[in-house]
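Chemist: What follows is a single structure, and I will ask about it in a moment.
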Amino acid sequence: MDLFTHVLVAYLISYGTAGYAPAYLAAGALAGGLPDGDVLFLPFAKRFPMLRHHGITHSIFGVSVVAVVGAVVAPHIAAGNPLIYFVVMEAAGLSHIFLDGLTSFSVPPLLPFSEVKLELDADRPINFVALVVSVAAFYLLLGVERNHVAFQYYLWTLWGLTAFFLLYFGLRLAARLRIGQILRKRREFSVPVPTGNPFDWLLLKEDKSGGRERTTYAEYRFGRGIVGGPWTVDVPTEPPATRGPVTSPEEALARSFAAARDASAMLDQTYHFGEARPSSAGGWDVFWYSLEFAAFGRSAGVRVHLAPDGAVQAKSSWYNPAKWAQELT
């Protein structure tokens with residue numbers, strides 16, 4: 001989850017916990033974003049693995065230590081009750097753990113006592129819908145409304161944002177629960193992949209064995225079921241020895257896959273898919289794209305051109321799968 005959403009949700013929780021008290025709101029917002037400060041520990045993470053990103057700072061123990069320190073230090077900065085400071089900062093820190101655990105970026109809430117992961121796969125790690133709402137909310141609260149409108153309008157904004165996030169996360173969890181039921185019945189899929197829209201998901205299965213990688217996915221819409229697919233791509237993990245002109249989409253996919261992986265490590269880090277079509281200038285165009293790193297209808301990936309003589313050129317790019325599919329029909 002992005003930092004802006006972490007801080008905004010913590011701010012809303014702090015208001016719900018302590019009411020309108022600027023000192024407590026500031027402490028809660030700080031505690032909500034502070035776990036991501038673990039990026040400062042990266043130089044030491046190899047030697048001390050618990051200091052890795054999404055490590056000890058994303059645990060109940062870690063946020064509790066921050067809350068205790070805050071309860072001791074904060075009253076000396078801004079007058080307030082140490083117990084309220086602790087409760088506000090603890091709740092904000094726990095919200096950070098929950099929001100990250102809601103995504104595919106697992107967190108270890110029981111460190112240092114257990115490495116058990118919390119990973120619900122109910123939202124994308126960076127969801128641009130939530131990000132845009134959060135950035136706009138801060139601009140509205142701290143810029144447009146601050147000292148410019150009646151206090152009641154500020155309160156209405158807070159409760160409106162609270163209602164939005166409750167509805168948003170509620171939809172995410174309800175859809176994830178339903179998809180879990182579907183995956184238990186339909187063995188051809190094993191992984192839920194959330195999209196930017198809480199109603200739209202991908203059901204996916206990936207198999208890497210025998211020197212090949214096979215990916216199958218279908219489009220699922222909450223409340224309607226599977227609305228597209230399944231589609232499958234099956235390619236060798238190493239480039240085939242074949243040279244010369246490409247004669248089929250399957251061969252174009254097979255001969256472009258290694259070049260796409262070399263051009264973007266992101267393909268190996270996310271679920272991905274590939275599509276091929278003849279090029280107007282001769283040869284073939286192939287786009288290998290991430291099924292996870294996408295926003296506003298476009299996906300990050302690698303465009304590969306296979307020339308008529310078999311030469312390969314690869315370039316990272318953003319791509320609209322729906323538009324590509326329309327052009328193929």
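Simple scheme: letters A, B, ... for chains in structure tokens order, numbers from 1 for residues in each chain, numbers from 1 for ligands in the order shown.
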Within 8 Å of Glu275 in chain A, counting only C-alpha atoms, which residues show up once you throw out same-chain ones fewer than 4 positions away? Write them as a tab-separated table (two decimals) with C-alpha atoms, in the first residue's frame, please.
Modeler:
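Just written: out_23.tsv:
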chain	number	residue	atom	x	y	z
A	249	PRO	CA	2.45	-16.77	-32.83
A	253	LEU	CA	6.29	-16.05	-28.05
A	286	VAL	CA	5.27	-9.44	-29.17
A	287	PHE	CA	4.35	-7.78	-25.91
A	288	TRP	CA	5.13	-9.47	-22.61
Chemist: Could you name the residues that touch Ala130 in chain A at 9 Å or less, counting only C-alpha atoms, but leaving out those on the same chain fewer than 5 positions away, as number ranges by chain?
Modeler: A: 1-2, 4-5, 135, 165, 168, 196
Chemist: Give me every strand (DSSP E or B) residue in range 77-256 of chain A, going by DSSP on the backbone, as number ranges by chain.
Modeler: A: 103, 107, 118, 123, 191-194, 200-209, 212-221, 225-236
Chemist: Counting only C-alpha atoms, give me one row per residue of range 106-198 of chain A with an atom at most 12 Å from an atom of range 30-48 of chain A, showing the shortest contact pair and its distance in Å to one decimal, sorted by chain then residue number, as a tab-separated table.
Modeler:
residue	atom	partner	partner_atom	distance
A:Val107	CA	A:Pro35	CA	11.1
A:Pro109	CA	A:Pro35	CA	12.0
A:Pro112	CA	A:Phe48	CA	11.9
Chemist: Determine the nearest neighbour of Ala136 in chain A from the options A:Glu238, A:Thr157, A:Thr270, A:Glu251, counting only C-alpha atoms.
Modeler: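 Using only C-alpha atoms, Ala136 in chain A sits closest to A:Thr157.
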Chemist: What are the DSSP helix (DSSP H, G or I) residues of range 52-200 of chain A, as number ranges by chain?
Modeler: A: 56-58, 60-77, 82-101, 128-144, 151-185
Chemist: Contacts of Ser95 in chain A at 9 Å or less, counting only C-alpha atoms, minus same-chain residues fewer than 2 places along, as a list in words?
Modeler: His6, Val9, Ala10, Ile13, Gly32, Glu90, Ala91, Ala92, Gly93, Ile97, Phe98, Leu99 and Asp100 of chain A
Chemist: Within 12 Å of Gly211 in chain A, counting only C-alpha atoms, which residues qualify if same-chain residues fewer than 6 places away don't, as a short mmCIF file (atom, residue, chain, number, x, y, z; two decimals) with C-alpha atoms, in the first residue's frame?
Modeler:
data_model
loop_
_atom_site.label_atom_id
_atom_site.label_comp_id
_atom_site.auth_asym_id
_atom_site.auth_seq_id
_atom_site.Cartn_x
_atom_site.Cartn_y
_atom_site.Cartn_z
CA ASP A 234 3.22 -21.89 -22.78
CA VAL A 235 6.87 -21.10 -23.60
CA PRO A 236 10.36 -22.47 -22.94
CA THR A 237 12.30 -20.63 -20.26
CA GLU A 238 15.41 -20.64 -22.48
CA PRO A 239 15.41 -19.36 -26.08
CA PRO A 240 15.04 -22.17 -28.66
CA ALA A 254 8.90 -18.75 -27.53
#
Chemist: Please list as a list in words every residue within 10 Å of Val133 in chain A, counting only C-alpha atoms and excluding residues in the same chain fewer than 4 positions away.
Modeler: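 After dropping sequence-adjacent residues, the list is Phe4, Thr5, Leu8, Phe128, Val129, Ala137, Phe138, Tyr139, Leu161, Phe164 and Phe165 of chain A.
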Chemist: CA of Ile182 in chain A and CA of Val227 in chain A are how many Å apart?
Modeler: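 Atom-to-atom, CA of Ile182 in chain A to CA of Val227 in chain A, that is 13.9 Å.
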Chemist: Separation of CA of Ala27 in chain A and CA of Asp121 in chain A, in Å?
Modeler: 29.2 Å
Chemist: From the options A:Val302, A:Leu25, A:Leu94, A:Ala175, which residue's atoms come nearest to Phe61 in chain A, counting only C-alpha atoms?
Modeler: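 The closest residue to Phe61 in chain A is A:Leu94.
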Chemist: Between A:Leu155, A:Ala307, A:Leu202, A:Tyr24, which one has atoms that come closest to Ala79 in chain A, using only C-alpha atoms?
Modeler: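 Among the listed residues, A:Tyr24 lies closest to Ala79 in chain A.
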Chemist: When you look at Phe222 in chain A with a cut-off of 12 Å (counting only C-alpha atoms), what residues show up, excluding the ones that are within fewer than 6 positions of it in the same chain? I need them as a list of chain:residue names.
Modeler: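 Listing them by chain and then by number gives A:Leu171, A:Arg172, A:Leu173, A:Ala174, A:Ala175, A:Arg176, A:Leu177, A:Arg178, A:Ile179, A:Ile182, A:Pro194, A:Thr195, A:Asn197, A:Pro198, A:Phe199, A:Asp200, A:Trp201, A:Leu202, A:Leu203.
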Chemist: Take the selection from the previous step and output its residues with C-alpha atoms, as a CSV table (one decimal), in the first residue's frame.
Modeler:
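Once everything was written out, this is selection.csv:
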chain,number,residue,atom,x,y,z
A,171,LEU,CA,-15.5,-4.8,-1.2
A,172,ARG,CA,-11.9,-6.0,-1.5
A,173,LEU,CA,-12.3,-8.5,1.4
A,174,ALA,CA,-15.8,-9.7,0.2
A,175,ALA,CA,-14.5,-10.3,-3.3
A,176,ARG,CA,-11.4,-12.1,-2.0
A,177,LEU,CA,-13.6,-14.4,0.2
A,178,ARG,CA,-15.8,-15.2,-2.8
A,179,ILE,CA,-12.8,-15.9,-5.0
A,182,ILE,CA,-14.2,-20.4,-6.4
A,194,PRO,CA,-6.5,-8.2,-7.9
A,195,THR,CA,-6.8,-5.4,-10.3
A,197,ASN,CA,-11.0,-2.1,-9.7
A,198,PRO,CA,-12.3,-4.0,-6.6
A,199,PHE,CA,-14.9,-5.7,-8.8
A,200,ASP,CA,-12.5,-7.0,-11.4
A,201,TRP,CA,-10.0,-9.8,-10.7
A,202,LEU,CA,-7.8,-12.3,-12.5
A,203,LEU,CA,-7.9,-16.1,-11.7
Chemist: May I ask which of the residues A:Gly228, A:Gly28, A:Pro308, A:Pro192 is the closest one to Leu291 in chain A, counting only C-alpha atoms?
Modeler: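 For Leu291 in chain A, the nearest of the given residues is A:Pro192.
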Chemist: Can you pull out every residue within 12 Å of Ala21 in chain A, counting only C-alpha atoms, but drop anything in the same chain fewer than 6 positions away, and send it as a list of chain:residue names?
Modeler: A:Tyr11, A:Leu12, A:Ser14, A:Tyr15, A:Ala27, A:Gly28, A:Ala78, A:Ala79, A:Gly80, A:Asn81, A:Ile84, A:Tyr85, A:Val88
Chemist: Between CA of Leu3 in chain A and CA of His58 in chain A, measure the distance and give it in Å to one decimal.
Modeler: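 If I compute the distance from CA of Leu3 in chain A to CA of His58 in chain A, I get 13.4 Å.
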Chemist: With distances taken over only C-alpha atoms, which of A:Val233, A:Ala26, A:Met89, A:Val116 is nearest to Arg212 in chain A?
Modeler: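 Closest candidate: A:Val233.
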Chemist: Calculated over only C-alpha atoms, which of the candidates A:Phe189, A:Phe105, A:Phe293, A:Phe257 has the smallest distance to Tyr319 in chain A?
Modeler: A:Phe293
